[in-house]
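Student: Below is work.pdb; it holds PDB, C-alpha atoms, pLDDT in the B column.
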ATOM      1  CA  MET A   1     100.508 123.353  10.981  1.00 59.00           C
ATOM      2  CA  LYS A   2      96.990 124.715  10.600  1.00 72.00           C
ATOM      3  CA  HIS A   3      96.499 127.443   8.020  1.00 75.00           C
ATOM      4  CA  PHE A   4      93.952 130.173   8.501  1.00 74.00           C
ATOM      5  CA  SER A   5      91.928 131.577   5.657  1.00 79.00           C
ATOM      6  CA  PRO A   6      92.892 135.056   4.428  1.00 76.00           C
ATOM      7  CA  LEU A   7      89.433 136.300   5.425  1.00 78.00           C
ATOM      8  CA  ALA A   8      89.946 135.089   9.010  1.00 80.00           C
ATOM      9  CA  ILE A   9      93.288 136.875   9.196  1.00 78.00           C
ATOM     10  CA  VAL A  10      91.838 140.099   7.796  1.00 78.00           C
ATOM     11  CA  MET A  11      88.950 139.938  10.274  1.00 81.00           C
ATOM     12  CA  LEU A  12      91.391 139.331  13.142  1.00 83.00           C
ATOM     13  CA  PHE A  13      92.975 142.699  12.437  1.00 81.00           C
ATOM     14  CA  ALA A  14      90.017 144.571  10.956  1.00 81.00           C
ATOM     15  CA  ILE A  15      87.603 144.197  13.862  1.00 85.00           C
ATOM     16  CA  PRO A  16      89.891 145.761  16.514  1.00 84.00           C
ATOM     17  CA  LEU A  17      90.824 148.554  14.089  1.00 80.00           C
ATOM     18  CA  ILE A  18      87.166 149.315  13.403  1.00 82.00           C
ATOM     19  CA  VAL A  19      86.390 149.356  17.122  1.00 84.00           C
ATOM     20  CA  LEU A  20      89.388 151.609  17.833  1.00 81.00           C
ATOM     21  CA  ALA A  21      88.431 153.964  14.985  1.00 78.00           C
ATOM     22  CA  GLY A  22      84.927 154.196  16.432  1.00 80.00           C
ATOM     23  CA  LEU A  23      86.283 155.002  19.891  1.00 81.00           C
ATOM     24  CA  VAL A  24      88.583 157.707  18.502  1.00 79.00           C
ATOM     25  CA  TRP A  25      85.812 159.115  16.312  1.00 79.00           C
ATOM     26  CA  THR A  26      83.442 159.517  19.264  1.00 82.00           C
ATOM     27  CA  GLY A  27      86.163 161.050  21.437  1.00 81.00           C
ATOM     28  CA  THR A  28      86.083 158.189  23.922  1.00 82.00           C
ATOM     29  CA  THR A  29      89.874 157.839  23.929  1.00 80.00           C
ATOM     30  CA  GLU A  30      90.677 161.491  24.706  1.00 82.00           C
ATOM     31  CA  ASN A  31      90.798 160.990  28.485  1.00 81.00           C
ATOM     32  CA  PHE A  32      92.860 157.810  28.082  1.00 80.00           C
ATOM     33  CA  ASP A  33      95.292 159.617  25.774  1.00 78.00           C
ATOM     34  CA  HIS A  34      95.594 162.567  28.162  1.00 83.00           C
ATOM     35  CA  VAL A  35      96.289 160.385  31.208  1.00 83.00           C
ATOM     36  CA  TRP A  36      98.993 158.320  29.490  1.00 78.00           C
ATOM     37  CA  ARG A  37     100.558 161.366  27.850  1.00 78.00           C
ATOM     38  CA  GLN A  38     100.887 162.943  31.303  1.00 80.00           C
ATOM     39  CA  VAL A  39     102.362 159.716  32.754  1.00 76.00           C
ATOM     40  CA  ALA A  40     104.940 159.672  29.964  1.00 73.00           C
ATOM     41  CA  LEU A  41     105.802 163.349  30.461  1.00 74.00           C
ATOM     42  CA  ASP A  42     106.166 162.911  34.222  1.00 74.00           C
ATOM     43  CA  PHE A  43     108.339 159.813  33.801  1.00 69.00           C
ATOM     44  CA  ASP A  44     110.480 161.004  30.912  1.00 60.00           C
ATOM     45  CA  PRO A  45     113.590 162.884  32.071  1.00 70.00           C
ATOM     46  CA  PRO A  46     115.172 165.116  29.417  1.00 70.00           C
ATOM     47  CA  LYS A  47     118.196 162.810  29.016  1.00 66.00           C
ATOM     48  CA  LEU A  48     115.895 160.057  27.659  1.00 72.00           C
ATOM     49  CA  LEU A  49     114.673 162.331  24.873  1.00 73.00           C
ATOM     50  CA  SER A  50     117.227 160.943  22.398  1.00 75.00           C
ATOM     51  CA  VAL A  51     116.113 157.390  23.223  1.00 77.00           C
ATOM     52  CA  TRP A  52     112.467 158.235  22.499  1.00 75.00           C
ATOM     53  CA  LYS A  53     113.454 160.019  19.293  1.00 79.00           C
ATOM     54  CA  GLY A  54     115.258 156.836  18.222  1.00 80.00           C
ATOM     55  CA  VAL A  55     112.212 154.721  19.016  1.00 81.00           C
ATOM     56  CA  THR A  56     110.053 157.131  17.023  1.00 84.00           C
ATOM     57  CA  LEU A  57     112.470 156.907  14.089  1.00 85.00           C
ATOM     58  CA  LEU A  58     111.973 153.124  13.957  1.00 84.00           C
ATOM     59  CA  GLY A  59     108.367 153.716  12.926  1.00 82.00           C
ATOM     60  CA  SER A  60     109.189 156.323  10.292  1.00 84.00           C
ATOM     61  CA  VAL A  61     108.188 155.912   6.673  1.00 83.00           C
ATOM     62  CA  LEU A  62     111.845 155.689   5.630  1.00 88.00           C
ATOM     63  CA  VAL A  63     112.686 152.831   8.020  1.00 88.00           C
ATOM     64  CA  ILE A  64     109.467 150.865   7.427  1.00 87.00           C
ATOM     65  CA  THR A  65     109.757 151.260   3.652  1.00 88.00           C
ATOM     66  CA  SER A  66     113.436 150.271   3.656  1.00 91.00           C
ATOM     67  CA  LEU A  67     112.796 147.152   5.756  1.00 90.00           C
ATOM     68  CA  THR A  68     109.814 146.191   3.614  1.00 90.00           C
ATOM     69  CA  LEU A  69     111.764 146.563   0.373  1.00 91.00           C
ATOM     70  CA  ALA A  70     114.668 144.595   1.860  1.00 93.00           C
ATOM     71  CA  GLY A  71     112.283 141.792   2.842  1.00 90.00           C
ATOM     72  CA  ILE A  72     110.659 141.735  -0.586  1.00 90.00           C
ATOM     73  CA  LEU A  73     114.071 141.697  -2.284  1.00 91.00           C
ATOM     74  CA  ALA A  74     115.367 138.923  -0.015  1.00 91.00           C
ATOM     75  CA  LEU A  75     112.332 136.753  -0.733  1.00 89.00           C
ATOM     76  CA  ALA A  76     112.568 137.486  -4.450  1.00 89.00           C
ATOM     77  CA  LEU A  77     116.251 136.464  -4.473  1.00 91.00           C
ATOM     78  CA  LEU A  78     115.215 133.206  -2.809  1.00 90.00           C
ATOM     79  CA  ASN A  79     112.555 132.710  -5.519  1.00 90.00           C
ATOM     80  CA  GLN A  80     109.805 133.078  -2.922  1.00 87.00           C
ATOM     81  CA  TRP A  81     107.638 135.163  -5.225  1.00 87.00           C
ATOM     82  CA  SER A  82     104.381 134.526  -3.406  1.00 86.00           C
ATOM     83  CA  GLY A  83     105.923 135.636  -0.101  1.00 86.00           C
ATOM     84  CA  SER A  84     107.253 138.832  -1.609  1.00 87.00           C
ATOM     85  CA  GLY A  85     103.872 139.448  -3.232  1.00 87.00           C
ATOM     86  CA  TYR A  86     102.080 138.967   0.082  1.00 88.00           C
ATOM     87  CA  ILE A  87     104.378 141.461   1.774  1.00 88.00           C
ATOM     88  CA  ALA A  88     103.891 144.013  -1.010  1.00 88.00           C
ATOM     89  CA  ALA A  89     100.109 143.544  -0.985  1.00 89.00           C
ATOM     90  CA  GLY A  90     100.003 143.712   2.811  1.00 88.00           C
ATOM     91  CA  MET A  91     101.935 146.958   2.896  1.00 87.00           C
ATOM     92  CA  GLU A  92      99.722 148.466   0.212  1.00 88.00           C
ATOM     93  CA  LEU A  93      96.618 147.405   2.140  1.00 87.00           C
ATOM     94  CA  SER A  94      98.037 148.912   5.332  1.00 85.00           C
ATOM     95  CA  VAL A  95      98.557 152.260   3.577  1.00 85.00           C
ATOM     96  CA  VAL A  96      94.985 152.216   2.251  1.00 88.00           C
ATOM     97  CA  LEU A  97      93.576 151.316   5.684  1.00 83.00           C
ATOM     98  CA  GLU A  98      95.675 153.970   7.409  1.00 83.00           C
ATOM     99  CA  ARG A  99      94.479 156.664   5.017  1.00 86.00           C
ATOM    100  CA  ALA A 100      90.862 155.517   5.409  1.00 84.00           C
ATOM    101  CA  MET A 101      91.129 155.612   9.197  1.00 78.00           C
ATOM    102  CA  GLU A 102      92.791 159.038   9.184  1.00 82.00           C
ATOM    103  CA  TRP A 103      90.058 160.340   6.913  1.00 82.00           C
ATOM    104  CA  SER A 104      87.267 158.871   9.043  1.00 77.00           C
ATOM    105  CA  VAL A 105      88.726 160.174  12.310  1.00 72.00           C
ATOM    106  CA  SER A 106      89.411 163.687  11.022  1.00 75.00           C
ATOM    107  CA  ARG A 107      85.945 163.751   9.464  1.00 60.00           C
ATOM    108  CA  GLY A 108      84.411 162.613  12.756  1.00 51.00           C
ATOM    109  CA  SER A 109      86.295 165.181  14.853  1.00 50.00           C
ATOM    110  CA  ALA A 110      85.278 168.049  12.535  1.00 48.00           C
ATOM    111  CA  ALA A 111      81.581 167.286  12.988  1.00 45.00           C
TER     112      ALA A 111
END
Using structure tokens, write down the structure from this file.
Tutor:
Amino acid sequence: MKHFSPLAIVMLFAIPLIVLAGLVWTGTTENFDHVWRQVALDFDPPKLLSVWKGVTLLGSVLVITSLTLAGILALALLNQWSGSGYIAAGMELSVVLERAMEWSVSRGSAA
């Protein structure tokens, strides 16, 4: 199995995120967001509200953190220390990138 360098993997995710941040910062995505929000509102009957709330809950900080800690613990119990370290470092990097993107977008929209 071919292994990719860490830099290649970071670039694979970083480039689309940078492009997306640029599009959000310039307001290019506002029309796209509005159209799809309206499609979702038109399609979503009130009885599906609990389903969408459940889907939203899956991406909550509590669920993501719990699953991450469970994965790290499971790998640690299997003596897969490098794997658990990669997960921990990846999650920390994702938090830093998320905060940086939020800051850049809110700074761009205030200008």
Student: When the PyMOL selection byres ((chain A and resi 14-31) around 8) is applied to the structure above, which residues does it catch, written out as a PDB file with C-alpha atoms, in the frame of the given file?
Tutor:
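Wrote expr11.pdb, looks like this:
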ATOM      1  CA  VAL A  10      91.838 140.099   7.796  1.00 78.00           C
ATOM      2  CA  MET A  11      88.950 139.938  10.274  1.00 81.00           C
ATOM      3  CA  LEU A  12      91.391 139.331  13.142  1.00 83.00           C
ATOM      4  CA  PHE A  13      92.975 142.699  12.437  1.00 81.00           C
ATOM      5  CA  PHE A  32      92.860 157.810  28.082  1.00 80.00           C
ATOM      6  CA  ASP A  33      95.292 159.617  25.774  1.00 78.00           C
ATOM      7  CA  HIS A  34      95.594 162.567  28.162  1.00 83.00           C
ATOM      8  CA  VAL A  35      96.289 160.385  31.208  1.00 83.00           C
ATOM      9  CA  MET A 101      91.129 155.612   9.197  1.00 78.00           C
ATOM     10  CA  SER A 104      87.267 158.871   9.043  1.00 77.00           C
ATOM     11  CA  VAL A 105      88.726 160.174  12.310  1.00 72.00           C
ATOM     12  CA  SER A 106      89.411 163.687  11.022  1.00 75.00           C
ATOM     13  CA  GLY A 108      84.411 162.613  12.756  1.00 51.00           C
ATOM     14  CA  SER A 109      86.295 165.181  14.853  1.00 50.00           C
TER      15      SER A 109
END
Student: Hey, could you pull the box centre and edge lengths for range 32-42 of chain A, axis-aligned, 8 Å padding per side, all listed atoms, to one decimal in Å, as JSON?
Tutor:
{"center_x": 99.5, "center_y": 160.6, "center_z": 30.0, "size_x": 29.3, "size_y": 21.5, "size_z": 24.4}
Student: Can you translate the PyMOL selection byres ((chain A and resi 84) around 12) into the concrete residues it hits in this file, as a ChimeraX atom specification?
Tutor: /A:68-83,85-91
Student: Separation of CA of Leu67 in chain A and CA of Val95 in chain A, in Å?
Tutor: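 These atoms are spaced 15.3 Å apart.
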Student: How far is it from CA of Val61 in chain A to CA of Ala8 in chain A, in Å with one decimal?
Tutor: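 A separation of 27.8 Å between them.
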Student: Between CA of Arg99 in chain A and CA of Thr65 in chain A, what is the distance in Å, rounded to a tenth?
Tutor: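 CA of Arg99 in chain A sits 16.3 Å away from CA of Thr65 in chain A.
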Student: Taking only N, CA and C atoms, show range 57-84 of chain A of the given structure as a PDB file, in the first residue's frame.
Tutor:
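Below you can see part.pdb, which holds the result:
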ATOM      1  N   LEU A  57     -27.195  16.952  16.090  1.00  0.00           N
ATOM      2  CA  LEU A  57     -26.563  16.510  17.333  1.00  0.00           C
ATOM      3  C   LEU A  57     -25.318  15.674  17.061  1.00  0.00           C
ATOM      4  N   LEU A  58     -25.321  14.896  15.975  1.00  0.00           N
ATOM      5  CA  LEU A  58     -24.163  14.061  15.654  1.00  0.00           C
ATOM      6  C   LEU A  58     -22.898  14.895  15.431  1.00  0.00           C
ATOM      7  N   GLY A  59     -23.051  16.130  15.023  1.00  0.00           N
ATOM      8  CA  GLY A  59     -21.897  16.990  14.809  1.00  0.00           C
ATOM      9  C   GLY A  59     -21.593  17.904  15.979  1.00  0.00           C
ATOM     10  N   SER A  60     -22.243  17.668  17.117  1.00  0.00           N
ATOM     11  CA  SER A  60     -22.031  18.535  18.274  1.00  0.00           C
ATOM     12  C   SER A  60     -20.663  18.286  18.900  1.00  0.00           C
ATOM     13  N   VAL A  61     -20.212  19.250  19.650  1.00  0.00           N
ATOM     14  CA  VAL A  61     -18.920  19.145  20.327  1.00  0.00           C
ATOM     15  C   VAL A  61     -18.908  17.937  21.261  1.00  0.00           C
ATOM     16  N   LEU A  62     -19.996  17.711  21.969  1.00  0.00           N
ATOM     17  CA  LEU A  62     -20.060  16.592  22.914  1.00  0.00           C
ATOM     18  C   LEU A  62     -19.886  15.246  22.198  1.00  0.00           C
ATOM     19  N   VAL A  63     -20.594  15.045  21.105  1.00  0.00           N
ATOM     20  CA  VAL A  63     -20.515  13.760  20.391  1.00  0.00           C
ATOM     21  C   VAL A  63     -19.142  13.587  19.745  1.00  0.00           C
ATOM     22  N   ILE A  64     -18.660  14.612  19.056  1.00  0.00           N
ATOM     23  CA  ILE A  64     -17.354  14.512  18.386  1.00  0.00           C
ATOM     24  C   ILE A  64     -16.246  14.282  19.411  1.00  0.00           C
ATOM     25  N   THR A  65     -16.281  15.016  20.514  1.00  0.00           N
ATOM     26  CA  THR A  65     -15.263  14.858  21.547  1.00  0.00           C
ATOM     27  C   THR A  65     -15.324  13.466  22.167  1.00  0.00           C
ATOM     28  N   SER A  66     -16.530  12.988  22.450  1.00  0.00           N
ATOM     29  CA  SER A  66     -16.682  11.657  23.047  1.00  0.00           C
ATOM     30  C   SER A  66     -16.152  10.568  22.116  1.00  0.00           C
ATOM     31  N   LEU A  67     -16.497  10.644  20.835  1.00  0.00           N
ATOM     32  CA  LEU A  67     -16.020   9.647  19.874  1.00  0.00           C
ATOM     33  C   LEU A  67     -14.506   9.712  19.699  1.00  0.00           C
ATOM     34  N   THR A  68     -13.966  10.922  19.701  1.00  0.00           N
ATOM     35  CA  THR A  68     -12.521  11.084  19.566  1.00  0.00           C
ATOM     36  C   THR A  68     -11.795  10.481  20.766  1.00  0.00           C
ATOM     37  N   LEU A  69     -12.272  10.810  21.967  1.00  0.00           N
ATOM     38  CA  LEU A  69     -11.647  10.263  23.172  1.00  0.00           C
ATOM     39  C   LEU A  69     -11.778   8.746  23.228  1.00  0.00           C
ATOM     40  N   ALA A  70     -12.913   8.216  22.782  1.00  0.00           N
ATOM     41  CA  ALA A  70     -13.090   6.761  22.756  1.00  0.00           C
ATOM     42  C   ALA A  70     -12.100   6.118  21.779  1.00  0.00           C
ATOM     43  N   GLY A  71     -11.902   6.745  20.632  1.00  0.00           N
ATOM     44  CA  GLY A  71     -10.944   6.231  19.654  1.00  0.00           C
ATOM     45  C   GLY A  71      -9.521   6.273  20.173  1.00  0.00           C
ATOM     46  N   ILE A  72      -9.159   7.377  20.808  1.00  0.00           N
ATOM     47  CA  ILE A  72      -7.818   7.507  21.383  1.00  0.00           C
ATOM     48  C   ILE A  72      -7.607   6.459  22.476  1.00  0.00           C
ATOM     49  N   LEU A  73      -8.597   6.291  23.336  1.00  0.00           N
ATOM     50  CA  LEU A  73      -8.503   5.299  24.414  1.00  0.00           C
ATOM     51  C   LEU A  73      -8.390   3.885  23.850  1.00  0.00           C
ATOM     52  N   ALA A  74      -9.208   3.574  22.844  1.00  0.00           N
ATOM     53  CA  ALA A  74      -9.166   2.231  22.252  1.00  0.00           C
ATOM     54  C   ALA A  74      -7.787   1.947  21.649  1.00  0.00           C
ATOM     55  N   LEU A  75      -7.236   2.914  20.934  1.00  0.00           N
ATOM     56  CA  LEU A  75      -5.910   2.717  20.354  1.00  0.00           C
ATOM     57  C   LEU A  75      -4.841   2.609  21.435  1.00  0.00           C
ATOM     58  N   ALA A  76      -4.981   3.404  22.486  1.00  0.00           N
ATOM     59  CA  ALA A  76      -4.011   3.346  23.579  1.00  0.00           C
ATOM     60  C   ALA A  76      -4.063   1.979  24.271  1.00  0.00           C
ATOM     61  N   LEU A  77      -5.264   1.442  24.468  1.00  0.00           N
ATOM     62  CA  LEU A  77      -5.398   0.120  25.088  1.00  0.00           C
ATOM     63  C   LEU A  77      -4.808  -0.981  24.213  1.00  0.00           C
ATOM     64  N   LEU A  78      -4.773  -0.737  22.915  1.00  0.00           N
ATOM     65  CA  LEU A  78      -4.165  -1.699  21.984  1.00  0.00           C
ATOM     66  C   LEU A  78      -2.678  -1.413  21.757  1.00  0.00           C
ATOM     67  N   ASN A  79      -2.123  -0.516  22.570  1.00  0.00           N
ATOM     68  CA  ASN A  79      -0.720  -0.097  22.459  1.00  0.00           C
ATOM     69  C   ASN A  79      -0.389   0.501  21.088  1.00  0.00           C
ATOM     70  N   GLN A  80      -1.350   1.152  20.489  1.00  0.00           N
ATOM     71  CA  GLN A  80      -1.151   1.849  19.224  1.00  0.00           C
ATOM     72  C   GLN A  80      -0.963   3.338  19.532  1.00  0.00           C
ATOM     73  N   TRP A  81       0.147   3.633  20.195  1.00  0.00           N
ATOM     74  CA  TRP A  81       0.369   4.996  20.684  1.00  0.00           C
ATOM     75  C   TRP A  81       0.487   6.002  19.553  1.00  0.00           C
ATOM     76  N   SER A  82       1.117   5.621  18.461  1.00  0.00           N
ATOM     77  CA  SER A  82       1.259   6.593  17.370  1.00  0.00           C
ATOM     78  C   SER A  82      -0.106   6.921  16.771  1.00  0.00           C
ATOM     79  N   GLY A  83      -0.971   5.915  16.645  1.00  0.00           N
ATOM     80  CA  GLY A  83      -2.314   6.157  16.116  1.00  0.00           C
ATOM     81  C   GLY A  83      -3.116   7.083  17.004  1.00  0.00           C
ATOM     82  N   SER A  84      -3.035   6.848  18.316  1.00  0.00           N
ATOM     83  CA  SER A  84      -3.770   7.722  19.229  1.00  0.00           C
ATOM     84  C   SER A  84      -3.189   9.135  19.219  1.00  0.00           C
TER      85      SER A  84
END
